[in-house]
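**Student:** Pasting my_file.txt below, which is compact mmCIF, C-alpha atoms.
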```txt
# COMPACT_ATOMS: atom_id res chain seq x y z
CA MET Y 13 120.26 93.15 85.56
CA PHE Y 14 118.45 91.89 88.63
CA THR Y 15 116.03 93.82 90.80
CA ARG Y 16 114.77 92.48 94.12
CA GLY Y 17 111.43 94.29 94.16
CA LEU Y 18 108.68 94.31 91.60
CA LEU Y 19 105.51 95.72 92.96
CA LEU Y 20 105.25 99.43 93.71
CA ILE Y 21 103.23 100.15 96.80
CA GLY Y 22 101.21 102.77 94.96
CA LEU Y 23 100.73 100.77 91.80
CA PHE Y 24 97.08 101.68 91.52
CA SER Y 25 97.52 105.26 92.69
CA VAL Y 26 97.63 106.29 89.03
CA PRO Y 27 94.59 107.80 87.35
CA ALA Y 28 92.58 105.22 85.49
CA SER Y 29 91.86 107.91 82.94
CA ALA Y 30 95.46 107.49 81.81
CA PHE Y 31 94.50 103.99 80.72
CA ALA Y 32 91.10 104.86 79.30
CA GLY Y 33 90.64 103.85 75.68
CA VAL Y 34 93.57 101.41 75.67
CA LYS Y 35 92.45 98.15 74.11
CA ILE Y 36 93.77 95.07 75.89
CA GLU Y 37 93.81 91.91 73.80
CA HIS Y 38 93.90 88.59 75.63
CA TRP Y 39 94.38 84.95 74.60
CA THR Y 40 95.69 81.64 75.91
CA LEU Y 41 98.39 79.43 74.38
CA ALA Y 42 98.21 75.66 74.01
CA ASN Y 43 100.58 75.17 76.97
CA GLY Y 44 98.37 77.30 79.21
CA ALA Y 45 100.34 80.56 79.11
CA ARG Y 46 98.08 83.60 79.05
CA ALA Y 47 98.92 86.57 76.84
CA TYR Y 48 97.94 90.24 77.19
CA PHE Y 49 98.66 92.72 74.42
CA VAL Y 50 98.38 96.49 73.97
CA GLU Y 51 99.29 97.95 70.58
CA SER Y 52 101.26 101.19 70.89
CA ARG Y 53 102.64 102.72 67.72
CA GLU Y 54 104.01 106.00 69.09
CA LEU Y 55 107.60 104.71 69.30
CA PRO Y 56 109.39 101.87 67.46
CA MET Y 57 109.75 99.98 70.73
CA LEU Y 58 108.42 96.84 72.32
CA GLN Y 59 108.20 95.93 76.00
CA LEU Y 60 107.68 92.31 76.96
CA ARG Y 61 107.17 91.01 80.47
CA VAL Y 62 106.62 87.42 81.61
CA VAL Y 63 105.43 86.79 85.15
CA PHE Y 64 105.25 83.48 86.99
CA ASP Y 65 103.67 82.42 90.28
CA ALA Y 66 107.22 81.89 91.50
CA GLY Y 67 107.81 84.51 94.15
CA SER Y 68 109.49 83.95 97.48
CA SER Y 69 106.28 82.47 98.92
CA ARG Y 70 107.10 79.43 96.75
CA ASP Y 71 110.53 78.91 98.32
CA PRO Y 72 111.05 75.30 99.44
CA ALA Y 73 111.09 74.65 103.16
CA ASP Y 74 114.37 75.80 104.73
CA LYS Y 75 115.51 77.20 101.37
CA ALA Y 76 114.38 80.84 101.65
CA GLY Y 77 115.97 82.81 98.84
CA ALA Y 78 115.64 80.05 96.21
CA ALA Y 79 113.13 82.03 94.15
CA THR Y 80 115.34 85.10 94.20
CA LEU Y 81 118.46 83.15 93.22
CA THR Y 82 116.58 81.34 90.44
CA ALA Y 83 115.51 84.62 88.86
CA ALA Y 84 118.96 86.14 89.36
CA MET Y 85 120.58 83.18 87.61
CA LEU Y 86 118.39 83.05 84.52
CA ASP Y 87 120.80 85.07 82.37
CA GLU Y 88 123.94 83.56 83.87
CA GLY Y 89 124.23 80.98 81.13
CA THR Y 90 122.44 78.42 78.96
CA LYS Y 91 123.65 75.15 77.47
CA ASP Y 92 125.38 77.01 74.64
CA LEU Y 93 126.02 80.50 76.00
CA SER Y 94 127.88 81.97 78.97
CA ALA Y 95 126.62 84.88 81.03
CA ASN Y 96 129.03 87.19 79.23
CA GLU Y 97 127.88 86.00 75.81
CA ILE Y 98 124.23 86.52 76.79
CA ALA Y 99 124.96 90.05 77.98
CA ILE Y 100 126.92 90.88 74.81
CA ARG Y 101 124.15 89.55 72.56
CA PHE Y 102 121.43 91.54 74.33
CA GLU Y 103 123.61 94.64 74.20
CA GLY Y 104 124.45 94.01 70.56
CA VAL Y 105 120.82 94.38 69.51
CA GLY Y 106 120.09 97.23 71.92
CA ALA Y 107 117.86 95.10 74.17
CA GLU Y 108 117.54 95.34 77.94
CA PHE Y 109 116.88 92.24 80.03
CA GLY Y 110 115.71 92.25 83.64
CA ALA Y 111 114.42 89.83 86.25
CA GLY Y 112 113.15 90.15 89.79
CA VAL Y 113 111.10 88.61 92.57
CA ASP Y 114 108.69 89.71 95.26
CA ARG Y 115 106.64 87.61 97.67
CA ASP Y 116 104.05 86.67 95.06
CA MET Y 117 105.66 86.64 91.64
CA ALA Y 118 108.81 86.35 89.59
CA SER Y 119 109.07 88.65 86.59
CA VAL Y 120 111.27 88.64 83.51
CA SER Y 121 111.32 91.63 81.17
CA LEU Y 122 112.72 92.55 77.78
CA ARG Y 123 112.85 96.00 76.20
CA SER Y 124 113.74 96.13 72.51
CA LEU Y 125 113.39 98.10 69.34
CA SER Y 126 110.60 96.72 67.19
CA ASP Y 127 112.73 96.42 64.06
CA SER Y 128 112.67 92.72 63.21
CA GLY Y 129 116.41 92.57 62.62
CA LEU Y 130 116.98 93.58 66.22
CA LEU Y 131 113.85 92.20 67.88
CA ASN Y 132 114.00 88.63 66.60
CA PRO Y 133 117.48 87.83 67.97
CA ALA Y 134 116.48 89.35 71.32
CA LEU Y 135 113.32 87.24 71.43
CA ASP Y 136 115.22 84.05 70.59
CA LEU Y 137 117.73 84.80 73.33
CA LEU Y 138 114.98 85.50 75.84
CA ALA Y 139 113.31 82.20 74.95
CA GLN Y 140 116.57 80.34 75.62
CA VAL Y 141 117.03 82.08 78.95
CA LEU Y 142 113.49 81.21 80.06
CA GLU Y 143 113.43 77.66 78.74
CA ALA Y 144 116.87 76.29 79.53
CA PRO Y 145 119.02 78.27 81.98
CA ALA Y 146 122.14 76.31 82.93
CA PHE Y 147 122.59 77.64 86.48
CA PRO Y 148 126.41 77.35 86.30
CA ALA Y 149 127.90 76.35 89.64
CA ALA Y 150 130.60 79.04 89.61
CA ASP Y 151 128.06 81.79 88.91
CA LEU Y 152 125.81 80.46 91.65
CA GLU Y 153 128.62 80.86 94.15
CA LEU Y 154 129.14 84.44 93.00
CA LYS Y 155 125.43 85.25 93.35
CA ARG Y 156 125.34 83.55 96.73
CA ALA Y 157 128.29 85.65 97.90
CA GLN Y 158 126.58 88.82 96.67
CA SER Y 159 123.40 87.90 98.53
CA LEU Y 160 125.33 87.22 101.73
CA ILE Y 161 126.98 90.63 101.46
CA ALA Y 162 123.55 92.20 101.01
CA LEU Y 163 122.40 90.44 104.18
CA GLN Y 164 125.39 91.86 106.06
CA LYS Y 165 124.45 95.35 104.90
CA ASP Y 166 120.85 94.78 105.99
CA ALA Y 167 122.08 93.74 109.42
CA GLN Y 168 123.58 97.22 109.81
CA SER Y 169 120.40 99.00 108.75
CA PRO Y 170 117.74 99.54 111.44
CA GLY Y 171 115.14 100.07 108.73
CA ALA Y 172 115.88 96.72 107.12
CA ILE Y 173 115.98 95.00 110.51
CA ALA Y 174 112.59 96.48 111.39
CA ALA Y 175 111.01 95.50 108.06
CA LYS Y 176 112.17 91.89 108.26
CA ALA Y 177 111.18 91.53 111.91
CA PHE Y 178 107.77 93.03 111.14
CA TYR Y 179 107.00 90.43 108.47
CA ARG Y 180 108.19 87.61 110.73
CA GLU Y 181 106.02 88.78 113.60
CA LEU Y 182 103.03 89.46 111.38
CA TYR Y 183 103.00 86.25 109.36
CA GLY Y 184 104.55 83.69 111.73
CA GLN Y 185 104.98 80.39 109.85
CA HIS Y 186 103.33 81.62 106.65
CA PRO Y 187 105.53 81.86 103.52
CA TYR Y 188 105.03 85.65 103.50
CA ALA Y 189 107.07 85.84 106.72
CA SER Y 190 110.40 85.18 104.99
CA ASP Y 191 112.42 87.90 103.33
CA PRO Y 192 112.69 87.27 99.56
CA LEU Y 193 116.48 87.48 99.84
CA GLY Y 194 116.52 84.64 102.35
CA ASP Y 195 118.81 84.40 105.36
CA GLU Y 196 122.39 83.30 105.87
CA LYS Y 197 121.55 79.71 106.80
CA SER Y 198 119.09 79.16 103.96
CA LEU Y 199 121.31 80.79 101.34
CA LYS Y 200 124.22 78.56 102.26
CA ALA Y 201 121.97 75.48 101.99
CA ILE Y 202 120.67 76.18 98.47
CA THR Y 203 122.22 73.99 95.78
CA ARG Y 204 122.29 74.16 92.00
CA GLU Y 205 119.89 71.20 92.00
CA ASP Y 206 117.44 73.24 94.09
CA LEU Y 207 117.41 75.99 91.45
CA ILE Y 208 116.96 73.49 88.62
CA ALA Y 209 114.03 71.89 90.47
CA PHE Y 210 112.48 75.28 91.25
CA HIS Y 211 112.73 76.36 87.61
CA ARG Y 212 111.33 73.06 86.36
CA ARG Y 213 108.35 73.32 88.70
CA TYR Y 214 107.37 76.97 88.34
CA TYR Y 215 108.70 78.32 85.03
CA VAL Y 216 106.05 76.52 82.98
CA GLY Y 217 103.28 77.51 80.59
CA ALA Y 218 100.34 77.00 82.93
CA ASN Y 219 102.06 79.25 85.45
CA ALA Y 220 102.97 82.07 83.02
CA GLN Y 221 101.36 85.35 82.00
CA VAL Y 222 102.91 87.29 79.13
CA MET Y 223 102.49 91.02 78.54
CA ILE Y 224 103.40 92.69 75.24
CA VAL Y 225 103.13 96.45 74.74
CA GLY Y 226 104.47 98.25 71.72
CA ASP Y 227 104.90 98.73 68.02
CA VAL Y 228 103.58 95.44 66.67
CA SER Y 229 100.25 94.14 65.41
CA LYS Y 230 98.14 91.55 67.20
CA ARG Y 231 99.19 89.00 64.60
CA GLN Y 232 102.85 89.76 65.29
CA ALA Y 233 102.20 89.71 69.04
CA ARG Y 234 100.78 86.20 68.80
CA LYS Y 235 103.90 85.03 67.04
CA ILE Y 236 106.10 86.74 69.60
CA VAL Y 237 104.36 85.05 72.51
CA GLU Y 238 104.67 81.65 70.86
CA ARG Y 239 108.31 82.35 70.15
CA VAL Y 240 109.12 83.30 73.73
CA VAL Y 241 107.05 80.92 75.89
CA GLY Y 242 105.38 78.53 73.45
CA ARG Y 243 108.04 75.87 73.99
CA LEU Y 244 107.81 75.92 77.77
CA PRO Y 245 106.39 72.68 79.14
CA ALA Y 246 102.76 73.02 80.12
CA GLY Y 247 103.32 72.01 83.72
CA LYS Y 248 100.64 72.89 86.21
CA VAL Y 249 99.49 75.74 88.39
CA PRO Y 250 100.92 75.62 91.93
CA GLU Y 251 98.76 74.68 94.87
CA PRO Y 252 97.13 77.64 96.66
CA LEU Y 253 99.14 79.20 99.46
CA PRO Y 254 97.97 78.49 103.00
CA PRO Y 255 95.64 81.12 104.45
CA VAL Y 256 97.07 84.04 106.39
CA ARG Y 257 96.34 83.73 110.09
CA LYS Y 258 93.86 86.09 111.71
CA LEU Y 259 95.33 87.90 114.68
CA ILE Y 260 93.22 87.90 117.83
CA THR Y 261 95.46 90.19 119.82
CA GLY Y 262 98.28 92.63 119.26
CA TRP Y 263 101.79 92.68 120.69
CA GLN Y 264 104.98 94.69 120.60
CA LYS Y 265 108.57 93.55 119.98
CA HIS Y 266 111.64 95.72 120.52
CA VAL Y 267 115.00 95.05 118.89
CA THR Y 268 117.89 96.92 120.47
CA PHE Y 269 120.09 98.72 117.97
CA PRO Y 270 122.75 101.35 118.69
CA ALA Y 271 121.00 104.41 117.30
CA THR Y 272 119.49 107.65 118.57
CA GLN Y 273 116.34 107.06 116.51
CA THR Y 274 113.77 104.30 116.75
CA HIS Y 275 112.27 102.79 113.61
CA VAL Y 276 108.62 101.84 114.15
CA ASN Y 277 106.67 99.38 112.01
CA MET Y 278 103.13 98.49 113.01
CA GLY Y 279 100.15 96.86 111.36
CA HIS Y 280 98.24 93.66 110.75
CA PRO Y 281 97.12 91.68 107.68
CA GLY Y 282 95.07 94.05 105.56
CA MET Y 283 93.65 93.17 102.16
CA ARG Y 284 94.32 91.13 99.05
CA ARG Y 285 94.30 92.20 95.40
CA GLY Y 286 90.75 92.45 94.14
CA ASP Y 287 89.40 92.87 97.68
CA PRO Y 288 85.79 94.11 97.68
CA ASP Y 289 86.76 96.76 100.25
CA TYR Y 290 89.72 97.98 98.18
CA PHE Y 291 88.37 101.39 97.20
CA PRO Y 292 86.99 102.51 100.58
CA LEU Y 293 90.20 101.34 102.27
CA TYR Y 294 92.38 102.95 99.60
CA VAL Y 295 90.67 106.32 99.78
CA GLY Y 296 90.43 106.16 103.56
CA ASN Y 297 94.11 105.38 103.89
CA TYR Y 298 95.01 108.41 101.79
CA ILE Y 299 93.30 110.52 104.44
CA LEU Y 300 94.76 108.56 107.34
CA GLY Y 301 98.41 108.33 106.35
CA GLY Y 302 98.86 107.95 102.60
CA GLY Y 303 98.48 111.58 101.65
CA GLY Y 304 101.87 112.84 102.75
CA LEU Y 305 101.93 116.05 104.77
CA VAL Y 306 98.15 116.51 104.55
CA SER Y 307 97.31 113.13 106.10
CA ARG Y 308 96.00 112.93 109.65
CA LEU Y 309 98.98 111.03 110.95
CA SER Y 310 101.38 113.58 109.52
CA VAL Y 311 99.41 116.53 110.84
CA GLU Y 312 99.03 115.14 114.36
CA VAL Y 313 102.38 113.35 114.82
CA ARG Y 314 104.71 115.49 112.72
CA GLU Y 315 103.24 118.97 112.49
CA LYS Y 316 101.52 119.41 115.83
CA GLN Y 317 103.75 117.35 118.12
CA GLY Y 318 107.05 117.21 116.23
CA LEU Y 319 107.51 113.56 117.12
CA SER Y 320 108.60 112.34 113.71
CA TYR Y 321 109.93 113.81 110.49
CA SER Y 322 107.92 111.30 108.48
CA VAL Y 323 104.94 109.14 109.37
CA TYR Y 324 102.80 107.28 106.87
CA SER Y 325 100.50 104.34 106.27
CA TYR Y 326 99.57 102.12 103.35
CA PHE Y 327 97.89 98.88 102.39
CA LEU Y 328 100.03 96.45 100.39
CA PRO Y 329 97.57 94.04 98.82
CA LEU Y 330 99.02 90.70 97.71
CA ARG Y 331 97.44 87.46 96.49
CA LEU Y 332 96.52 86.90 100.14
CA PRO Y 333 96.05 89.74 102.62
CA GLY Y 334 99.18 91.84 102.63
CA PRO Y 335 99.94 94.19 105.50
CA LEU Y 336 98.26 97.34 106.60
CA TYR Y 337 101.46 99.15 107.43
CA ILE Y 338 102.16 102.23 109.56
CA GLY Y 339 105.74 103.45 109.70
CA LEU Y 340 107.69 106.25 111.37
CA GLN Y 341 111.00 107.16 112.95
CA THR Y 342 111.27 109.01 116.22
CA LYS Y 343 113.80 109.80 118.94
CA ASN Y 344 114.31 106.93 121.37
CA ALA Y 345 113.10 109.07 124.27
CA GLN Y 346 109.87 109.89 122.39
CA ARG Y 347 109.07 106.35 121.27
CA ASP Y 348 106.25 105.66 123.73
CA GLN Y 349 104.72 109.09 123.22
CA ALA Y 350 104.76 108.71 119.45
CA LEU Y 351 103.26 105.22 119.57
CA LYS Y 352 100.49 106.36 121.87
CA LEU Y 353 99.59 109.23 119.57
CA VAL Y 354 99.64 107.08 116.44
CA ARG Y 355 97.26 104.62 118.08
CA GLN Y 356 94.97 107.45 119.15
CA VAL Y 357 94.82 108.88 115.64
CA LEU Y 358 94.18 105.45 114.14
CA THR Y 359 91.46 104.58 116.65
CA ASP Y 360 89.70 107.90 116.14
CA PHE Y 361 89.72 107.40 112.37
CA VAL Y 362 88.35 103.86 112.65
CA VAL Y 363 85.54 105.02 114.94
CA ASN Y 364 84.60 108.28 113.24
CA GLY Y 365 85.92 108.10 109.70
CA PRO Y 366 86.87 111.14 107.63
CA THR Y 367 85.16 114.49 107.37
CA GLU Y 368 83.37 115.52 104.20
CA LYS Y 369 86.12 118.05 103.53
CA GLU Y 370 88.83 115.41 103.86
CA LEU Y 371 86.98 113.02 101.56
CA GLU Y 372 86.47 115.62 98.85
CA ALA Y 373 90.12 116.64 99.00
CA ALA Y 374 91.21 113.01 98.78
CA LYS Y 375 88.98 112.33 95.77
CA LYS Y 376 90.19 115.44 94.02
CA HIS Y 377 93.80 114.50 94.53
CA LEU Y 378 93.42 110.82 93.66
CA SER Y 379 91.36 111.44 90.55
CA GLY Y 380 92.95 114.57 89.19
CA SER Y 381 96.27 115.53 90.73
CA TYR Y 382 98.50 112.58 89.94
CA PRO Y 383 100.79 113.07 86.94
CA LEU Y 384 100.33 110.86 83.99
CA ARG Y 385 102.50 107.85 84.71
CA ILE Y 386 101.57 105.64 81.78
CA ASP Y 387 104.26 107.27 79.69
CA SER Y 388 106.20 104.22 78.53
CA ASN Y 389 105.58 100.74 77.26
CA GLY Y 390 107.40 99.38 80.30
CA LYS Y 391 105.06 101.03 82.76
CA ILE Y 392 101.99 99.85 80.87
CA ALA Y 393 103.40 96.32 80.91
CA GLU Y 394 103.77 96.55 84.71
CA TYR Y 395 100.11 97.43 85.08
CA LEU Y 396 99.09 94.62 82.77
CA ALA Y 397 101.19 92.21 84.82
CA VAL Y 398 99.29 93.03 87.99
CA ILE Y 399 95.93 92.75 86.21
CA ALA Y 400 96.93 89.41 84.73
CA PHE Y 401 98.59 87.86 87.76
CA TYR Y 402 95.84 88.73 90.21
CA GLY Y 403 92.95 88.02 87.84
CA LEU Y 404 91.58 91.55 87.84
CA PRO Y 405 89.03 92.45 85.15
CA LEU Y 406 90.48 93.91 81.97
CA ASN Y 407 88.48 97.10 82.48
CA TYR Y 408 89.79 97.53 86.02
CA LEU Y 409 91.80 100.66 85.31
CA ASP Y 410 89.07 102.22 83.20
CA GLU Y 411 86.75 101.84 86.20
CA PHE Y 412 89.29 103.00 88.77
CA ILE Y 413 88.52 106.72 88.94
CA PRO Y 414 84.72 106.30 88.80
CA ARG Y 415 84.97 103.92 91.73
CA ILE Y 416 87.18 106.35 93.63
CA GLU Y 417 84.66 109.12 93.06
CA ALA Y 418 81.81 106.87 94.21
CA VAL Y 419 83.33 106.21 97.67
CA THR Y 420 81.33 107.64 100.57
CA ILE Y 421 82.10 108.45 104.18
CA LYS Y 422 79.76 105.67 105.22
CA GLN Y 423 81.67 103.13 103.09
CA ILE Y 424 85.03 104.21 104.51
CA ARG Y 425 83.77 104.11 108.09
CA ASP Y 426 82.18 100.70 107.54
CA ALA Y 427 85.26 99.21 105.85
CA PHE Y 428 87.68 100.53 108.47
CA ARG Y 429 85.51 99.36 111.36
CA ARG Y 430 85.37 95.85 109.92
CA ARG Y 431 88.92 95.58 108.58
CA VAL Y 432 91.19 97.71 110.79
CA ARG Y 433 91.63 96.63 114.39
CA PRO Y 434 94.01 98.87 116.40
CA GLU Y 435 93.96 96.44 119.32
CA ARG Y 436 95.33 93.68 117.07
CA MET Y 437 98.30 95.63 115.71
CA VAL Y 438 101.72 94.04 115.70
CA THR Y 439 104.34 96.66 116.56
CA VAL Y 440 108.06 96.28 115.92
CA THR Y 441 110.51 98.90 117.16
CA VAL Y 442 114.22 98.96 116.38
CA GLY Y 443 116.46 101.47 118.16
CA GLY Y 444 118.37 102.37 121.27
CA GLU Y 445 117.18 102.27 124.83
CA ARG Y 446 115.12 105.18 126.13
```
Represent the structure of the file as C-alpha cells.

**Tutor:**
Amino acid sequence: MFTRGLLLIGLFSVPASAFAGVKIEHWTLANGARAYFVESRELPMLQLRVVFDAGSSRDPADKAGAATLTAAMLDEGTKDLSANEIAIRFEGVGAEFGAGVDRDMASVSLRSLSDSGLLNPALDLLAQVLEAPAFPAADLELKRAQSLIALQKDAQSPGAIAAKAFYRELYGQHPYASDPLGDEKSLKAITREDLIAFHRRYYVGANAQVMIVGDVSKRQARKIVERVVGRLPAGKVPEPLPPVRKLITGWQKHVTFPATQTHVNMGHPGMRRGDPDYFPLYVGNYILGGGGLVSRLSVEVREKQGLSYSVYSYFLPLRLPGPLYIGLQTKNAQRDQALKLVRQVLTDFVVNGPTEKELEAAKKHLSGSYPLRIDSNGKIAEYLAVIAFYGLPLNYLDEFIPRIEAVTIKQIRDAFRRRVRPERMVTVTVGGER
C-alpha cells in the first residue's frame, strides 16, 4: 500500500498529556541509524516505522517524482521475490506494509502481531524490501502510468491546481516548490536507473531513523532494529537543503478554470519544526483561523458576511520554513470582496493580537478539549517519527501543554508582528471570471 502524504497538518494539536509518562528509549546503530523505542504491552502488536531524509525535496534536477516512485516501488519486488509474492507473504503473517513520501521525508511502516512466529518472517521481509528492492521495469511502467492518471485527475480539480500553483509561486526554484507526485514531463523522464541511484544514495543507515512501539522488551527492540536496518550501508547524511527565499513583496496570480467558485490559497513561508516562535504562532493561529467556526476568519468571512462556507489558516512547519497558509472558496463574483476582508482580518490580528477571552478559550480547547489520539501503536510511532526526524527533544510532547498554557497575548502579538507580513502574501486564485 502506498500513501502520498505523511505529515498531518495538526500533528502537534494533540494533548501532550496523552504522551506523559511514556518512556522513550533511544540509541544509535553502528551504521548510523538512530532507534527510538516505546514499550507498550496492552496489545500483542508491534508498529515499526523507518523514516529517511528522502522526501520530494531530494528529487534529482528535472526528475520530480523520483522520491515518490522510489517509495512506491519498494515492495514491487526484490532479487528473489515478485511483488505478488511479497504481498502474499506479508498477508500470510497478518502484517501490513506501507510507504509514503512528503516534501521532507520518506517513510516505511510495518504493523505486525508480536508473536515471534509471525513477527520474525515479517521483519525479514521488510529488511529485504528496504535493503535490496529490484525496481522491476514492468512494475515501474505500471506505477508511472498510475501517477500520470493521478496528474490528469489533479488537472481537473481546482483545489489541486490551486495547491500546486501556490507552492510554485511561494517557493520559486526551491525544492519545496515541486509537487511530490512530479509532473508529466519529469515522470516520463525517470528511469529505473534513477530509482536505483536514489535508493542507493538515501536509503542508508546514516540517513535512517527507526521507531518501534509495541509488545516487546528493549532487548528485543534492539535485535529488531538490527534485523531490519542493521545491514543497510552506512552511507552519509545528505547535504542541507538550500535556504527558503525571503519574500520582500506580495503578488497575486489567477488561474482561469471553468467553475462558479474560486479557490483561494494565500500565504508566505512561515516556520520550521522546532521554531522558537512555534507556540505563540500555534496558539495565535488557532484564534486567527485554526479554530474552526470560532476562529476570527470564520466569524468575519463566513458568519457575518457569508462570503465562504469554509475559511481557515494553519502553519505547516517543515525542516525549513513551511507555509503559513490561508484557504477559502468563494463565488467568483465575491472573490475580491472576500480577499479584501481576509486581509483586513489578518492585518488587524497582526497589529492588535487576540483578546484575553480569545486566548483563554484557545488554551482551554488546545489543552483540554482534544480527544485522546494516542490510541494505537501506529499513531505513537508517527509522533516519534516527527520527533526523531526533526531533532526535537525527547520530552517535547510532555512539555507541550505547559508551553501552550504559558503563552501570553504579548508573545502572540510579538511573534505575529515579526513573522507574519500581510503585505508579503502570495495569493493564488483558481476559478472562473467575475

**Student:** Write out as a PyMOL selection string which residues come within 10 Å of Y:Arg156 when counting all atoms listed in the file, dropping same-chain ones fewer than 5 positions away.

**Tutor:** chain Y and resi 77+81+150-151+161-162+196+199-200+202

**Student:** Which residue out of Y:Arg234, Y:Arg70, Y:Lys422, Y:Arg446 has the minimum interatomic distance to Y:Glu368 when all atoms listed in the file are used?

**Tutor:**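 Once distances to Y:Glu368 are computed over all atoms listed in the file, the minimum belongs to Y:Lys422.
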
**Student:** Could you build a table of the residues in stretch 301-407 of chain Y lying no more than 9 Å from stretch 44-48 of chain Y, giving for each the nearest pair of atoms and their separation in Å rounded to one decimal place, using all atoms listed in the file, ordered by chain and ascending residue number, as a Markdown table?

**Tutor:**
```
| residue | atom | partner | partner_atom | distance |
| --- | --- | --- | --- | --- |
| Y:Ala393 | CA | Y:Tyr48 | CA | 9.0 |
| Y:Leu396 | CA | Y:Tyr48 | CA | 7.2 |
| Y:Ala397 | CA | Y:Tyr48 | CA | 8.5 |
| Y:Ala400 | CA | Y:Tyr48 | CA | 7.7 |
```

**Student:** At a cut-off of 9 Å, using all atoms listed in the file, what residues contact Y:Arg53? Leave out same-chain residues fewer than 5 positions from it and give the result as a count of residues only.

**Tutor:** 3

**Student:** Considering all atoms listed in the file, return as an MDAnalysis selection string whatever protein or nucleic-acid residues lie within 6 Å of stretch 267-269 of chain Y, sequence-local ones (same chain, fewer than 5 positions apart) excluded.

**Tutor:** chainID Y and resid 442:444

**Student:** Got a sec: who's within 12 Å of Y:Gln140, counting only C-alpha atoms, leaving out chain neighbours fewer than 2 positions off, as a PyMOL selection string?

**Tutor:** chain Y and resi 86-94+98+133-138+142-146+239-244

**Student:** I need the residues from that last selection saved to file as a PDB file, keeping the file's coordinate frame (with C-alpha atoms), if you can.

**Tutor:**
```pdb
ATOM      1  CA  LEU Y  86     118.390  83.050  84.520  1.00  0.00           C
ATOM      2  CA  ASP Y  87     120.800  85.070  82.370  1.00  0.00           C
ATOM      3  CA  GLU Y  88     123.940  83.560  83.870  1.00  0.00           C
ATOM      4  CA  GLY Y  89     124.230  80.980  81.130  1.00  0.00           C
ATOM      5  CA  THR Y  90     122.440  78.420  78.960  1.00  0.00           C
ATOM      6  CA  LYS Y  91     123.650  75.150  77.470  1.00  0.00           C
ATOM      7  CA  ASP Y  92     125.380  77.010  74.640  1.00  0.00           C
ATOM      8  CA  LEU Y  93     126.020  80.500  76.000  1.00  0.00           C
ATOM      9  CA  SER Y  94     127.880  81.970  78.970  1.00  0.00           C
ATOM     10  CA  ILE Y  98     124.230  86.520  76.790  1.00  0.00           C
ATOM     11  CA  PRO Y 133     117.480  87.830  67.970  1.00  0.00           C
ATOM     12  CA  ALA Y 134     116.480  89.350  71.320  1.00  0.00           C
ATOM     13  CA  LEU Y 135     113.320  87.240  71.430  1.00  0.00           C
ATOM     14  CA  ASP Y 136     115.220  84.050  70.590  1.00  0.00           C
ATOM     15  CA  LEU Y 137     117.730  84.800  73.330  1.00  0.00           C
ATOM     16  CA  LEU Y 138     114.980  85.500  75.840  1.00  0.00           C
ATOM     17  CA  LEU Y 142     113.490  81.210  80.060  1.00  0.00           C
ATOM     18  CA  GLU Y 143     113.430  77.660  78.740  1.00  0.00           C
ATOM     19  CA  ALA Y 144     116.870  76.290  79.530  1.00  0.00           C
ATOM     20  CA  PRO Y 145     119.020  78.270  81.980  1.00  0.00           C
ATOM     21  CA  ALA Y 146     122.140  76.310  82.930  1.00  0.00           C
ATOM     22  CA  ARG Y 239     108.310  82.350  70.150  1.00  0.00           C
ATOM     23  CA  VAL Y 240     109.120  83.300  73.730  1.00  0.00           C
ATOM     24  CA  VAL Y 241     107.050  80.920  75.890  1.00  0.00           C
ATOM     25  CA  GLY Y 242     105.380  78.530  73.450  1.00  0.00           C
ATOM     26  CA  ARG Y 243     108.040  75.870  73.990  1.00  0.00           C
ATOM     27  CA  LEU Y 244     107.810  75.920  77.770  1.00  0.00           C
TER      28      LEU Y 244
END
```

**Student:** Taking 4 positions as the minimum chain separation for residues in the same chain, which residues sit within 12 Å of Y:Lys375 when counting only C-alpha atoms? Answer as a list in words.

**Tutor:**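 The residues satisfying every condition are Ser25, Pro27, Phe291, Pro292, Tyr294, Val295, Gly296, Asn297, Tyr298, Ile299, Gly303, Glu368, Lys369, Glu370, Leu371, Ser379, Gly380, Ser381, Tyr382, Phe412, Ile413, Pro414, Arg415, Ile416, Glu417, Ala418, Val419, Thr420 and Ile421 of chain Y.
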
**Student:** Hey, which of Y:Arg285, Y:Asp65, Y:His377, Y:Gly112 ends up closest to Y:Val216? Count only C-alpha atoms.

**Tutor:**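 Nearest to Y:Val216: Y:Asp65.
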
**Student:** Rebuild stretch 206-213 of chain Y to N, CA and C atoms - output it as a short mmCIF file (atom, residue, chain, number, x, y, z; two decimals), in the coordinates of the input, please.

**Tutor:**
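Output below, filename out27.cif:
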```cif
data_model
loop_
_atom_site.label_atom_id
_atom_site.label_comp_id
_atom_site.auth_asym_id
_atom_site.auth_seq_id
_atom_site.Cartn_x
_atom_site.Cartn_y
_atom_site.Cartn_z
N ASP Y 206 118.64 72.57 93.59
CA ASP Y 206 117.44 73.24 94.09
C ASP Y 206 116.91 74.25 93.06
N LEU Y 207 117.82 74.99 92.44
CA LEU Y 207 117.41 75.99 91.45
C LEU Y 207 116.84 75.31 90.21
N ILE Y 208 117.47 74.23 89.78
CA ILE Y 208 116.96 73.49 88.62
C ILE Y 208 115.55 72.98 88.91
N ALA Y 209 115.35 72.42 90.10
CA ALA Y 209 114.03 71.89 90.47
C ALA Y 209 113.00 73.02 90.56
N PHE Y 210 113.40 74.16 91.13
CA PHE Y 210 112.48 75.28 91.25
C PHE Y 210 112.07 75.77 89.86
N HIS Y 211 113.03 75.91 88.98
CA HIS Y 211 112.73 76.36 87.61
C HIS Y 211 111.83 75.36 86.91
N ARG Y 212 112.12 74.10 87.03
CA ARG Y 212 111.33 73.06 86.36
C ARG Y 212 109.88 73.06 86.86
N ARG Y 213 109.69 73.35 88.14
CA ARG Y 213 108.35 73.32 88.70
C ARG Y 213 107.53 74.56 88.36
#
```
